[in-house]
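Visitor: This is the content of final-v3.csv (CSV, C-alpha atoms and all ligand atoms):
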```csv
chain,number,residue,atom,x,y,z
A,1,MET,CA,29.0,-9.8,2.1
A,2,SER,CA,28.5,-6.1,1.2
A,3,HIS,CA,27.0,-3.5,3.4
A,4,GLY,CA,24.6,-1.0,1.8
A,5,ARG,CA,26.0,2.1,3.6
A,6,ASP,CA,28.0,3.3,0.6
A,7,SER,CA,26.8,3.1,-3.0
A,8,SER,CA,27.9,-0.6,-3.4
A,9,PRO,CA,24.9,-2.9,-3.8
A,10,VAL,CA,23.7,-5.2,-1.0
A,11,LEU,CA,24.3,-8.6,-2.6
A,12,PRO,CA,22.5,-12.0,-2.3
A,13,GLY,CA,23.7,-13.7,0.9
A,14,SER,CA,23.2,-10.5,2.9
A,15,ALA,CA,20.5,-10.0,5.4
A,16,VAL,CA,17.7,-7.5,4.7
A,17,GLY,CA,15.5,-6.1,7.5
A,18,VAL,CA,11.8,-5.5,7.2
A,19,LEU,CA,9.9,-3.3,9.7
A,20,GLY,CA,6.4,-4.6,9.9
A,21,SER,CA,5.3,-8.2,9.6
A,22,GLY,CA,2.1,-8.4,7.5
A,23,GLN,CA,1.4,-9.9,4.1
A,24,LEU,CA,3.5,-7.3,2.2
A,25,GLY,CA,6.5,-8.3,4.2
A,26,ARG,CA,5.7,-12.0,3.6
A,27,MET,CA,5.7,-11.6,-0.1
A,28,PHE,CA,8.8,-9.4,0.0
A,29,ALA,CA,10.5,-12.2,2.1
A,30,MET,CA,9.5,-14.8,-0.4
A,31,ALA,CA,11.0,-12.8,-3.2
A,32,ALA,CA,14.2,-12.1,-1.1
A,33,ARG,CA,14.7,-15.7,-0.1
A,34,ARG,CA,14.3,-16.9,-3.6
A,35,MET,CA,17.2,-14.7,-4.5
A,36,GLY,CA,19.3,-16.0,-1.6
A,37,TYR,CA,19.0,-13.2,0.8
A,38,ARG,CA,18.3,-13.7,4.5
A,39,VAL,CA,15.3,-11.8,5.9
A,40,HIS,CA,14.9,-10.4,9.4
A,41,THR,CA,11.5,-8.9,10.5
A,42,LEU,CA,10.6,-6.8,13.5
A,43,SER,CA,7.1,-6.0,14.8
A,44,PRO,CA,5.1,-6.1,18.0
A,45,ASP,CA,3.4,-9.4,17.0
A,46,GLU,CA,4.2,-13.1,17.0
A,47,ASP,CA,3.8,-15.8,14.5
A,48,THR,CA,3.3,-13.2,11.8
A,49,PRO,CA,2.7,-13.5,8.0
A,50,THR,CA,6.3,-12.2,7.5
A,51,GLY,CA,7.9,-14.1,10.4
A,52,GLN,CA,6.6,-17.4,9.1
A,53,VAL,CA,8.8,-17.1,6.0
A,54,ALA,CA,11.6,-15.0,7.4
A,55,ASP,CA,14.9,-16.3,8.8
A,56,VAL,CA,14.6,-14.2,12.0
A,57,GLU,CA,11.4,-12.9,13.6
A,58,ILE,CA,11.9,-10.2,16.3
A,59,ASN,CA,9.0,-9.4,18.6
A,60,ALA,CA,9.4,-5.9,20.0
A,61,PRO,CA,7.4,-2.7,20.0
A,62,TYR,CA,8.5,-0.1,17.4
A,63,GLU,CA,9.2,2.3,20.3
A,64,ASP,CA,11.8,-0.1,21.8
A,65,LEU,CA,14.8,1.7,20.2
A,66,ASP,CA,17.3,-0.7,21.7
A,67,ALA,CA,15.6,-3.6,19.9
A,68,ILE,CA,15.4,-1.5,16.8
A,69,ARG,CA,19.2,-0.8,16.9
A,70,LYS,CA,20.0,-4.5,17.5
A,71,PHE,CA,17.7,-5.4,14.6
A,72,ALA,CA,19.3,-2.8,12.2
A,73,ASN,CA,22.8,-3.8,13.3
A,74,GLY,CA,22.1,-7.4,12.2
A,75,VAL,CA,21.2,-6.5,8.6
A,76,SER,CA,22.7,-4.7,5.6
A,77,VAL,CA,19.7,-2.6,4.7
A,78,VAL,CA,16.3,-1.9,6.4
A,79,THR,CA,13.1,-1.4,4.5
A,80,PHE,CA,9.5,-1.5,5.8
A,81,GLU,CA,6.1,-2.9,4.8
A,82,PHE,CA,4.2,-0.8,7.2
A,83,GLU,CA,4.7,3.0,6.9
A,84,ASN,CA,3.2,4.0,10.2
A,85,VAL,CA,6.4,3.3,12.2
A,86,PRO,CA,7.4,6.3,14.4
A,87,ALA,CA,9.9,8.8,13.0
A,88,GLU,CA,12.3,8.0,15.9
A,89,THR,CA,12.2,4.3,15.0
A,90,ALA,CA,13.3,5.0,11.4
A,91,ALA,CA,16.0,7.5,12.7
A,92,ALA,CA,17.3,4.9,15.2
A,93,ALA,CA,17.5,2.3,12.5
A,94,ALA,CA,19.2,4.7,10.1
A,95,ARG,CA,22.1,5.2,12.5
A,96,CYS,CA,22.9,1.4,12.2
A,97,ALA,CA,22.0,0.6,8.5
A,98,PRO,CA,20.6,2.4,5.5
A,99,VAL,CA,16.8,2.7,5.7
A,100,ARG,CA,15.2,2.7,2.2
A,101,PRO,CA,12.9,4.4,1.4
A,102,SER,CA,14.3,7.0,3.9
A,103,GLY,CA,12.7,8.2,7.1
A,104,ALA,CA,11.9,11.5,5.3
A,105,VAL,CA,9.7,9.6,2.8
A,106,LEU,CA,7.9,7.9,5.7
A,107,HIS,CA,7.5,11.2,7.5
A,108,THR,CA,5.8,12.8,4.5
A,109,THR,CA,3.6,9.8,3.6
A,110,GLN,CA,2.4,8.7,7.0
A,111,HIS,CA,0.6,11.9,7.6
A,112,ARG,CA,-2.3,13.0,5.2
A,113,LEU,CA,-1.7,16.7,5.7
A,114,ARG,CA,2.0,16.6,5.1
A,115,GLU,CA,1.4,14.3,2.1
A,116,LYS,CA,-1.2,16.7,0.6
A,117,LEU,CA,1.0,19.7,1.2
A,118,PHE,CA,3.9,18.0,-0.5
A,119,LEU,CA,1.8,17.1,-3.5
A,120,SER,CA,0.2,20.5,-3.9
A,121,ASN,CA,3.5,22.3,-3.5
A,122,ALA,CA,4.9,20.0,-6.2
A,123,GLY,CA,2.1,21.2,-8.5
A,124,LEU,CA,0.4,17.8,-8.5
A,125,PRO,CA,-3.4,17.4,-8.5
A,126,VAL,CA,-5.1,16.6,-5.2
A,127,THR,CA,-8.6,16.7,-3.9
A,128,ALA,CA,-9.6,20.1,-2.4
A,129,PHE,CA,-8.7,19.9,1.3
A,130,ARG,CA,-8.5,21.9,4.6
A,131,ARG,CA,-6.6,21.3,7.8
A,132,VAL,CA,-9.0,21.0,10.8
A,133,THR,CA,-8.1,21.2,14.5
A,134,SER,CA,-11.5,22.1,16.1
A,135,LEU,CA,-15.2,21.7,15.5
A,136,GLN,CA,-15.4,25.4,14.6
A,137,GLU,CA,-12.7,24.9,12.0
A,138,LEU,CA,-14.5,21.9,10.6
A,139,VAL,CA,-17.6,24.1,10.1
A,140,CYS,CA,-15.6,26.8,8.3
A,141,ALA,CA,-13.7,24.3,6.2
A,142,ALA,CA,-17.0,22.7,5.1
A,143,ASN,CA,-18.4,26.1,4.1
A,144,GLU,CA,-15.3,26.7,2.0
A,145,ILE,CA,-15.1,23.3,0.2
A,146,GLY,CA,-18.8,22.4,0.3
A,147,LEU,CA,-20.6,19.2,1.1
A,148,PRO,CA,-20.6,16.3,0.9
A,149,ALA,CA,-17.1,15.9,2.2
A,150,ILE,CA,-15.0,13.4,4.1
A,151,LEU,CA,-13.2,14.0,7.4
A,152,LYS,CA,-10.0,11.9,7.8
A,153,THR,CA,-7.6,11.6,10.6
A,154,ALA,CA,-4.3,13.4,9.7
A,155,GLY,CA,-2.1,10.5,10.8
A,156,PHE,CA,-2.0,6.7,10.9
A,157,GLY,CA,-5.0,5.9,8.7
A,158,TYR,CA,-5.5,3.2,6.1
A,159,ASP,CA,-8.2,1.2,4.3
A,160,GLY,CA,-10.8,3.8,5.0
A,161,LYS,CA,-10.2,3.6,8.8
A,162,GLY,CA,-10.6,6.9,10.6
A,163,GLN,CA,-12.8,8.4,7.9
A,164,TYR,CA,-16.2,10.0,8.3
A,165,ARG,CA,-18.6,11.2,5.6
A,166,ILE,CA,-20.3,14.5,6.1
A,167,HIS,CA,-23.5,14.9,4.1
A,168,SER,CA,-25.1,17.8,6.1
A,169,SER,CA,-24.4,20.1,9.1
A,170,THR,CA,-26.0,17.5,11.4
A,171,ASP,CA,-23.0,15.2,10.8
A,172,PHE,CA,-20.3,17.7,12.0
A,173,GLU,CA,-20.3,16.6,15.7
A,174,ASN,CA,-20.3,12.9,15.0
A,175,ALA,CA,-17.4,13.2,12.5
A,176,TRP,CA,-15.4,15.4,14.8
A,177,SER,CA,-15.7,13.0,17.7
A,178,GLY,CA,-15.1,10.1,15.2
A,179,VAL,CA,-11.6,11.4,14.5
A,180,GLY,CA,-11.1,11.7,18.3
A,181,GLY,CA,-11.1,15.5,18.3
A,182,ARG,CA,-7.5,15.4,16.8
A,183,GLU,CA,-5.9,17.1,13.9
A,184,ALA,CA,-7.8,16.0,10.7
A,185,VAL,CA,-8.1,16.8,7.1
A,186,LEU,CA,-11.5,17.7,5.5
A,187,GLU,CA,-11.6,16.5,1.8
A,188,ALA,CA,-14.1,17.3,-0.8
A,189,PHE,CA,-16.1,14.2,-1.8
A,190,VAL,CA,-15.1,13.3,-5.4
A,191,ASN,CA,-17.7,11.8,-7.7
A,192,PHE,CA,-15.2,9.8,-9.6
A,193,ASP,CA,-15.7,7.6,-12.6
A,194,CYS,CA,-13.2,5.0,-11.4
A,195,GLU,CA,-10.1,4.6,-9.2
A,196,ILE,CA,-6.7,3.7,-10.6
A,197,SER,CA,-3.2,3.3,-9.1
A,198,VAL,CA,0.3,3.2,-10.4
A,199,VAL,CA,2.9,1.1,-8.6
A,200,ALA,CA,6.4,2.2,-9.5
A,201,ALA,CA,10.0,1.6,-8.3
A,202,ARG,CA,13.1,3.7,-8.4
A,203,ASN,CA,16.7,2.8,-7.3
A,204,GLY,CA,19.7,4.8,-6.2
A,205,SER,CA,20.9,5.2,-9.9
A,206,GLY,CA,17.6,7.0,-10.7
A,207,GLN,CA,16.3,4.0,-12.7
A,208,PHE,CA,12.5,4.1,-12.8
A,209,VAL,CA,10.0,1.4,-13.7
A,210,HIS,CA,6.2,1.1,-13.4
A,211,TYR,CA,3.4,-1.4,-13.8
A,212,GLY,CA,1.1,0.9,-15.7
A,213,ALA,CA,-2.4,2.0,-14.6
A,214,ILE,CA,-4.3,-0.6,-12.5
A,215,GLU,CA,-8.1,-0.2,-12.0
A,216,ASN,CA,-9.3,-0.6,-8.4
A,217,ARG,CA,-12.7,-1.3,-7.0
A,218,HIS,CA,-13.3,-0.8,-3.3
A,219,ARG,CA,-16.0,-2.1,-1.0
A,220,ASN,CA,-16.5,-0.4,2.4
A,221,GLY,CA,-13.4,1.7,1.9
A,222,ILE,CA,-11.2,-1.5,1.4
A,223,LEU,CA,-9.7,-2.6,-1.9
A,224,ASP,CA,-11.8,-5.4,-3.3
A,225,ILE,CA,-10.8,-6.0,-6.9
A,226,SER,CA,-7.8,-4.8,-9.0
A,227,ILE,CA,-7.7,-5.2,-12.8
A,228,ALA,CA,-4.5,-4.8,-14.9
A,229,PRO,CA,-4.1,-3.2,-17.2
A,230,ALA,CA,-6.8,-0.6,-16.3
A,231,GLY,CA,-9.5,0.2,-18.9
A,232,ALA,CA,-8.6,3.9,-18.6
A,233,SER,CA,-7.7,5.7,-21.8
A,234,SER,CA,-4.0,5.7,-22.9
A,235,ARG,CA,-3.9,9.5,-22.2
A,236,VAL,CA,-5.1,9.0,-18.6
A,237,SER,CA,-2.8,6.1,-18.0
A,238,ALA,CA,0.2,7.9,-19.4
A,239,GLU,CA,-0.6,11.0,-17.3
A,240,ALA,CA,-0.9,8.8,-14.1
A,241,VAL,CA,2.5,7.3,-14.8
A,242,GLU,CA,4.1,10.7,-15.3
A,243,ILE,CA,2.7,11.9,-12.0
A,244,ALA,CA,4.0,8.7,-10.3
A,245,ARG,CA,7.5,9.4,-11.8
A,246,THR,CA,7.4,13.0,-10.5
A,247,VAL,CA,6.4,11.8,-7.0
A,248,LEU,CA,9.2,9.2,-6.8
A,249,GLU,CA,11.8,11.6,-8.1
A,250,LYS,CA,10.7,14.5,-5.8
A,251,LEU,CA,10.6,12.3,-2.8
A,252,ASP,CA,13.9,10.7,-3.9
A,253,VAL,CA,12.4,7.2,-3.2
A,254,PHE,CA,14.7,4.2,-3.3
A,255,GLY,CA,12.1,1.5,-3.3
A,256,VAL,CA,8.5,1.0,-4.4
A,257,LEU,CA,5.8,3.5,-4.1
A,258,CYS,CA,2.1,3.4,-5.1
A,259,VAL,CA,0.1,6.5,-6.1
A,260,GLU,CA,-3.7,6.1,-5.8
A,261,PHE,CA,-5.9,8.3,-8.1
A,262,PHE,CA,-9.5,9.2,-8.6
A,263,VAL,CA,-10.4,9.5,-12.3
A,264,CYS,CA,-13.0,12.3,-12.7
A,265,PRO,CA,-15.8,12.1,-15.3
A,266,ASP,CA,-13.9,14.7,-17.4
A,267,GLY,CA,-10.8,12.5,-17.4
A,268,LYS,CA,-9.0,14.7,-14.9
A,269,LEU,CA,-6.8,12.8,-12.3
A,270,LEU,CA,-6.8,13.6,-8.6
A,271,ILE,CA,-4.3,11.9,-6.3
A,272,ASN,CA,-6.0,10.3,-3.3
A,273,GLU,CA,-3.0,9.0,-1.5
A,274,LEU,CA,0.5,7.6,-1.6
A,275,ALA,CA,1.9,4.4,-0.1
A,276,PRO,CA,5.7,4.2,0.0
A,277,ARG,CA,5.8,0.4,-0.3
A,278,PRO,CA,4.4,-2.4,-2.4
A,279,HIS,CA,0.6,-2.1,-2.6
A,280,ASN,CA,-2.4,-4.4,-2.5
A,281,SER,CA,-3.3,-3.2,-6.0
A,282,GLY,CA,0.1,-4.6,-7.3
A,283,HIS,CA,-0.3,-8.1,-5.9
A,284,PHE,CA,-1.1,-9.4,-9.4
A,285,THR,CA,2.5,-8.7,-10.4
A,286,PHE,CA,3.6,-11.7,-8.3
A,287,ASP,CA,1.9,-14.0,-10.8
A,288,ALA,CA,1.6,-11.9,-14.0
A,289,ASN,CA,4.9,-10.0,-14.4
A,290,ILE,CA,8.5,-10.9,-15.1
A,291,THR,CA,9.5,-9.0,-11.9
A,292,SER,CA,7.0,-8.6,-9.1
A,293,GLN,CA,6.6,-5.5,-7.1
A,294,PHE,CA,8.2,-7.3,-4.2
A,295,GLU,CA,11.3,-8.3,-6.1
A,296,GLN,CA,11.4,-4.8,-7.4
A,297,GLN,CA,11.4,-3.5,-3.8
A,298,LEU,CA,14.2,-5.8,-2.9
A,299,ARG,CA,16.3,-4.8,-6.0
A,300,ALA,CA,15.6,-1.1,-5.4
A,301,VAL,CA,16.5,-1.1,-1.7
A,302,CYS,CA,19.6,-3.3,-2.3
A,303,GLY,CA,20.8,-0.9,-5.0
A,304,LEU,CA,20.6,-3.5,-7.8
A,305,PRO,CA,19.4,-2.9,-11.3
A,306,LEU,CA,15.5,-3.1,-11.5
A,307,GLY,CA,13.9,-6.0,-13.3
A,308,ALA,CA,11.7,-6.1,-16.4
A,309,VAL,CA,8.1,-5.2,-15.6
A,310,THR,CA,6.6,-6.9,-18.6
A,311,GLN,CA,3.1,-8.3,-17.9
A,312,THR,CA,2.8,-11.7,-19.4
A,313,MET,CA,-1.1,-11.8,-19.4
A,314,PRO,CA,-4.0,-9.6,-18.4
A,315,ALA,CA,-4.8,-10.1,-14.7
A,316,ALA,CA,-7.5,-9.6,-12.1
A,317,MET,CA,-7.0,-9.8,-8.3
A,318,ALA,CA,-9.7,-10.3,-5.7
A,319,ASN,CA,-9.1,-9.8,-2.0
A,320,LEU,CA,-10.1,-12.5,0.5
A,321,LEU,CA,-11.3,-10.7,3.7
A,322,GLY,CA,-12.0,-12.4,7.0
A,323,ASP,CA,-15.8,-12.1,6.4
A,324,LEU,CA,-15.4,-15.1,4.0
A,325,TRP,CA,-14.6,-17.3,7.1
A,326,GLU,CA,-17.9,-16.4,8.9
A,327,PRO,CA,-19.9,-19.5,7.7
A,328,GLY,CA,-16.8,-21.7,8.3
A,329,GLU,CA,-13.5,-22.5,6.6
A,330,PRO,CA,-13.7,-21.5,2.9
A,331,ASP,CA,-13.7,-24.3,0.3
A,332,TRP,CA,-10.1,-24.1,-1.0
A,333,ASN,CA,-10.5,-27.1,-3.2
A,334,ALA,CA,-13.3,-25.4,-5.2
A,335,ALA,CA,-11.4,-22.1,-5.5
A,336,VAL,CA,-8.3,-23.8,-7.0
A,337,SER,CA,-10.5,-25.7,-9.4
A,338,VAL,CA,-10.5,-22.7,-11.7
A,339,PRO,CA,-7.2,-23.5,-13.5
A,340,ASP,CA,-6.0,-20.0,-14.2
A,341,VAL,CA,-6.5,-18.8,-10.7
A,342,LYS,CA,-3.7,-18.6,-8.1
A,343,LEU,CA,-4.4,-18.7,-4.4
A,344,HIS,CA,-2.4,-16.7,-1.9
A,345,LEU,CA,-3.0,-17.0,1.8
A,346,TYR,CA,-1.1,-15.0,4.4
A,347,GLY,CA,-0.9,-17.4,7.3
A,348,LYS,CA,-3.1,-15.3,9.6
A,349,SER,CA,-4.6,-17.5,12.3
A,350,SER,CA,-7.7,-15.5,13.2
A,351,ALA,CA,-10.1,-14.3,10.5
A,352,ARG,CA,-11.8,-11.0,11.6
A,353,PRO,CA,-14.3,-9.2,9.4
A,354,GLY,CA,-12.5,-6.8,7.1
A,355,ARG,CA,-9.1,-8.4,7.8
A,356,LYS,CA,-7.0,-9.1,4.7
A,357,MET,CA,-6.5,-12.9,4.8
A,358,GLY,CA,-5.3,-13.6,1.3
A,359,HIS,CA,-6.1,-12.9,-2.4
A,360,LEU,CA,-6.8,-14.7,-5.7
A,361,THR,CA,-5.2,-13.7,-9.0
A,362,ALA,CA,-6.6,-14.8,-12.3
A,363,LEU,CA,-4.6,-14.7,-15.6
A,364,ALA,CA,-6.5,-14.8,-18.9
A,365,SER,CA,-6.4,-13.6,-22.5
A,366,THR,CA,-8.5,-10.5,-21.6
A,367,THR,CA,-9.1,-8.5,-18.5
A,368,GLU,CA,-12.8,-9.3,-18.8
A,369,GLN,CA,-12.1,-13.0,-18.7
A,370,ALA,CA,-9.6,-12.6,-15.8
A,371,LEU,CA,-12.2,-10.6,-13.8
A,372,ALA,CA,-14.9,-13.2,-14.5
A,373,ASP,CA,-12.6,-16.1,-13.4
A,374,VAL,CA,-11.4,-14.4,-10.2
A,375,GLU,CA,-15.0,-13.6,-9.2
A,376,GLN,CA,-16.1,-17.1,-10.0
A,377,ALA,CA,-13.3,-18.6,-7.9
A,378,ARG,CA,-14.1,-16.3,-5.0
A,379,ALA,CA,-17.8,-17.2,-5.2
A,380,LEU,CA,-16.9,-20.9,-5.1
A,381,LEU,CA,-15.0,-20.4,-1.8
A,382,SER,CA,-18.2,-19.7,0.2
A,383,ARG,CA,-20.7,-22.0,-1.5
B,1,LIG,P1,-8.3,6.0,1.6
B,1,LIG,O1,-8.1,5.2,2.8
B,1,LIG,O2,-8.2,7.5,1.9
B,1,LIG,O3,-7.6,5.5,0.4
B,1,LIG,O4,-9.9,5.8,1.3
B,1,LIG,C1,-10.4,4.6,0.9
B,1,LIG,C2,-11.5,4.7,-0.1
B,1,LIG,O5,-12.5,5.6,0.3
B,1,LIG,C3,-10.9,5.3,-1.4
B,1,LIG,O6,-10.2,4.4,-2.2
B,1,LIG,C4,-12.3,5.8,-2.1
B,1,LIG,O7,-13.0,4.7,-2.6
B,1,LIG,C5,-13.0,6.3,-0.9
B,1,LIG,N1,-12.7,7.7,-0.7
B,1,LIG,C6,-11.7,8.3,0.1
B,1,LIG,N2,-11.6,9.6,-0.1
B,1,LIG,C7,-12.6,10.0,-0.9
B,1,LIG,C8,-13.0,11.2,-1.5
B,1,LIG,N3,-12.5,12.4,-1.1
B,1,LIG,N4,-14.1,11.2,-2.3
B,1,LIG,C9,-14.7,10.0,-2.7
B,1,LIG,N5,-14.3,8.8,-2.2
B,1,LIG,C10,-13.3,8.8,-1.3
```
Let me see the structure of the file written as structure tokens.
Ligand code: AMP

Guide:
Amino acid sequence: MSHGRDSSPVLPGSAVGVLGSGQLGRMFAMAARRMGYRVHTLSPDEDTPTGQVADVEINAPYEDLDAIRKFANGVSVVTFEFENVPAETAAAAARCAPVRPSGAVLHTTQHRLREKLFLSNAGLPVTAFRRVTSLQELVCAANEIGLPAILKTAGFGYDGKGQYRIHSSTDFENAWSGVGGREAVLEAFVNFDCEISVVAARNGSGQFVHYGAIENRHRNGILDISIAPAGASSRVSAEAVEIARTVLEKLDVFGVLCVEFFVCPDGKLLINELAPRPHNSGHFTFDANITSQFEQQLRAVCGLPLGAVTQTMPAAMANLLGDLWEPGEPDWNAAVSVPDVKLHLYGKSSARPGRKMGHLTALASTTEQALADVEQARALLSR
């Protein structure tokens, strides 16, 4: 069994460690087990989506550095499916096994301000933003970038959590107390035409692959639908891919990273945010591509050659949020009665509103048909 400390690859039969235990880790573990790897997961939770399919599930807080060291000593390489692990956790793990992507990548991407500074210093296009540390600074920042704007917590935010829209000066106090009076970022509100993302992977040899531009539709700040390939023009898609390539190279990512963009009415791209791991918008690759984003993460962090990204058919993905469970258990039989639709459930026992419980992927000869099929299947769930 090889150890990933030097440049030799971590080969099948080895154990890979995943920090975090949600659905992204679950699908990673499924890809890893298929290729004969063992999977260990660590998170503060029990009976987790990842733990249910992993070989070993360790239940410990991310701050328990003894548990982290024990976990990392038991595997050949550590990756993560949840980027908000503390920097000390990544550093403690890195003393026992390689952590890929590195703690430095985590450090940049888990904090909106550091991420935006990295992107703007790299000459990449981001929404106008200001750092805000007091109510007074919020008022000044709003004067500079104009209203409407969105105030976002600087750290540990995702899926629209910790975000407050500011339409007029009467919203300042609410927004400032909403972010808990802590360091925040004020962003100009973008009147975008659509949102797209690029999921890409890079390994230690510098090999780079991507899944093209994916169109994303959100509801209440949470991803609702993804369509691949996106309907964006080939110029916009190519530019998005080149930006993603630059981001992975400049951050020296060994793994998968997703870049989320706003497409403005004039065709200009603005980066919304980065996620240094497989992304919800890339879930369709599990069914539609020769190599899924999860297998690509495995290959990249293990130092293996990356797989072909060829998409076999146009695809659409619809998230299944906990809200669907409110009237009772969804009608699974009806949903799988649409033959080109694949059902994915994450094994979560309690369905809370807004919680990602699973998704559906439809494959069809056109993206329009795939979208119609996935929406039909989702509607059938709650009839
Ligand atoms: P985030 O968690 O920052 O990705 O935000 C979730 C969603 O909120 C985005 O995908 C957009 O749909 C919306 N959003 C976030 N920031 C902005 C912005 N500056 N302008 C317009 N919409 C935004």

Visitor: To one decimal place, how far is atom CA of Tyr211 of chain A from atom CA of Pro339 of chain A in Å?

Guide: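 We find that atom CA of Tyr211 of chain A and atom CA of Pro339 of chain A lie 24.5 Å from each other.
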
Visitor: Just want the residues within 9 Å of ligand LIG 1 (chain B), written as a VMD selection string, counting all atoms listed in the file.

Guide: chain A and resid 112 127 to 129 148 to 152 157 to 163 165 186 to 192 194 to 195 216 to 223 260 to 262 272 to 274

Visitor: May I have the protein, DNA and RNA residues with any atom at most 9 Å from the point (-1.6, 9.8, -7.7), counting all atoms listed in the file, written as a short mmCIF file (atom, residue, chain, number, x, y, z; two decimals) with C-alpha atoms, keeping the file's coordinate frame?

Guide:
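After the write, result-v9.cif holds the following:
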```cif
data_model
loop_
_atom_site.label_atom_id
_atom_site.label_comp_id
_atom_site.auth_asym_id
_atom_site.auth_seq_id
_atom_site.Cartn_x
_atom_site.Cartn_y
_atom_site.Cartn_z
CA LEU A 124 0.40 17.80 -8.50
CA PRO A 125 -3.40 17.40 -8.50
CA VAL A 126 -5.10 16.60 -5.20
CA ILE A 196 -6.70 3.70 -10.60
CA SER A 197 -3.20 3.30 -9.10
CA VAL A 198 0.30 3.20 -10.40
CA ALA A 240 -0.90 8.80 -14.10
CA VAL A 241 2.50 7.30 -14.80
CA ILE A 243 2.70 11.90 -12.00
CA ALA A 244 4.00 8.70 -10.30
CA VAL A 247 6.40 11.80 -7.00
CA CYS A 258 2.10 3.40 -5.10
CA VAL A 259 0.10 6.50 -6.10
CA GLU A 260 -3.70 6.10 -5.80
CA PHE A 261 -5.90 8.30 -8.10
CA PHE A 262 -9.50 9.20 -8.60
CA LEU A 269 -6.80 12.80 -12.30
CA LEU A 270 -6.80 13.60 -8.60
CA ILE A 271 -4.30 11.90 -6.30
CA ASN A 272 -6.00 10.30 -3.30
CA GLU A 273 -3.00 9.00 -1.50
CA LEU A 274 0.50 7.60 -1.60
#
```

Visitor: How far is it from atom CA of Leu113 of chain A to atom CA of Thr89 of chain A, in Å with one decimal?

Guide: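 Result for atom CA of Leu113 of chain A versus atom CA of Thr89 of chain A: 20.8 Å, one decimal.
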
Visitor: So which residues touch Tyr37 of chain A within 12 Å, counting all atoms listed in the file, skipping near sequence neighbours fewer than 3 positions away, as a list of chain:residue names?

Guide: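 In the requested form, the answer reads A:Met1, A:Ser2, A:Val10, A:Leu11, A:Pro12, A:Gly13, A:Ser14, A:Ala15, A:Val16, A:Gly17, A:Phe28, A:Ala29, A:Met30, A:Ala31, A:Ala32, A:Arg33, A:Arg34, A:His40, A:Ala54, A:Asp55, A:Val75, A:Ser76, A:Val77, A:Glu295, A:Leu298, A:Arg299, A:Cys302.
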
Visitor: May I ask which of the residues A:Asp64, A:Glu81, A:Glu46, A:Asp252 is the closest one to Lys348 of chain A, counting only C-alpha atoms?

Guide: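 Result for the nearest residue to Lys348 of chain A: A:Glu46.
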
Visitor: If I take atom CA of Arg100 of chain A and atom CA of Ala184 of chain A, how far is one from the other in Å, to one decimal?

Guide: 27.9 Å

Visitor: Could you name the residues that touch Phe156 of chain A at 8 Å or less, counting all atoms listed in the file, but leaving out those on the same chain fewer than 5 positions away, as a ChimeraX atom specification?

Guide: /A:84,110-111

Visitor: Show me as a PyMOL selection string the residues that reach within 10 Å of (19.7, -4.0, 12.0), counting all atoms listed in the file and using the file's own coordinates.

Guide: chain A and resi 15-18+40-42+67-78+92-99

Visitor: My list of candidates is A:Val309, A:Met357, A:Val341, A:Val253. Which is closest to Gln376 of chain A when distances are computed with only C-alpha atoms?

Guide: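 Of A:Val309, A:Met357, A:Val341, A:Val253, the one nearest Gln376 of chain A is A:Val341, counting only C-alpha atoms.
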
Visitor: Determine, counting all atoms listed in the file, which protein, DNA and RNA residues have an atom within 12 Å of an atom of Pro44 of chain A; residues of the same chain fewer than 5 positions away are not included. Present the result as an MDAnalysis selection string.

Guide: chainID A and resid 19:22 51 57:64 67:68 85

Visitor: Give me a file of those residues, with C-alpha atoms, as a PDB file, keeping the file's coordinate frame.

Guide:
```pdb
ATOM      1  CA  LEU A  19       9.900  -3.300   9.700  1.00  0.00           C
ATOM      2  CA  GLY A  20       6.400  -4.600   9.900  1.00  0.00           C
ATOM      3  CA  SER A  21       5.300  -8.200   9.600  1.00  0.00           C
ATOM      4  CA  GLY A  22       2.100  -8.400   7.500  1.00  0.00           C
ATOM      5  CA  GLY A  51       7.900 -14.100  10.400  1.00  0.00           C
ATOM      6  CA  GLU A  57      11.400 -12.900  13.600  1.00  0.00           C
ATOM      7  CA  ILE A  58      11.900 -10.200  16.300  1.00  0.00           C
ATOM      8  CA  ASN A  59       9.000  -9.400  18.600  1.00  0.00           C
ATOM      9  CA  ALA A  60       9.400  -5.900  20.000  1.00  0.00           C
ATOM     10  CA  PRO A  61       7.400  -2.700  20.000  1.00  0.00           C
ATOM     11  CA  TYR A  62       8.500  -0.100  17.400  1.00  0.00           C
ATOM     12  CA  GLU A  63       9.200   2.300  20.300  1.00  0.00           C
ATOM     13  CA  ASP A  64      11.800  -0.100  21.800  1.00  0.00           C
ATOM     14  CA  ALA A  67      15.600  -3.600  19.900  1.00  0.00           C
ATOM     15  CA  ILE A  68      15.400  -1.500  16.800  1.00  0.00           C
ATOM     16  CA  VAL A  85       6.400   3.300  12.200  1.00  0.00           C
TER      17      VAL A  85
END
```

Visitor: Go through A:Glu115, A:Asp340, A:Glu183, A:Glu242 one by one, measure the shortest atom-to-atom distance of each to Leu363 of chain A using all atoms listed in the file, and give the residue with the smallest value.

Guide: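 So, comparing all the options, the nearest one is A:Asp340.
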
Visitor: Which one of A:Gln293, A:Ser43, A:Asn121, A:Ser177 sits closest to Thr133 of chain A if you count all atoms listed in the file?

Guide: A:Ser177
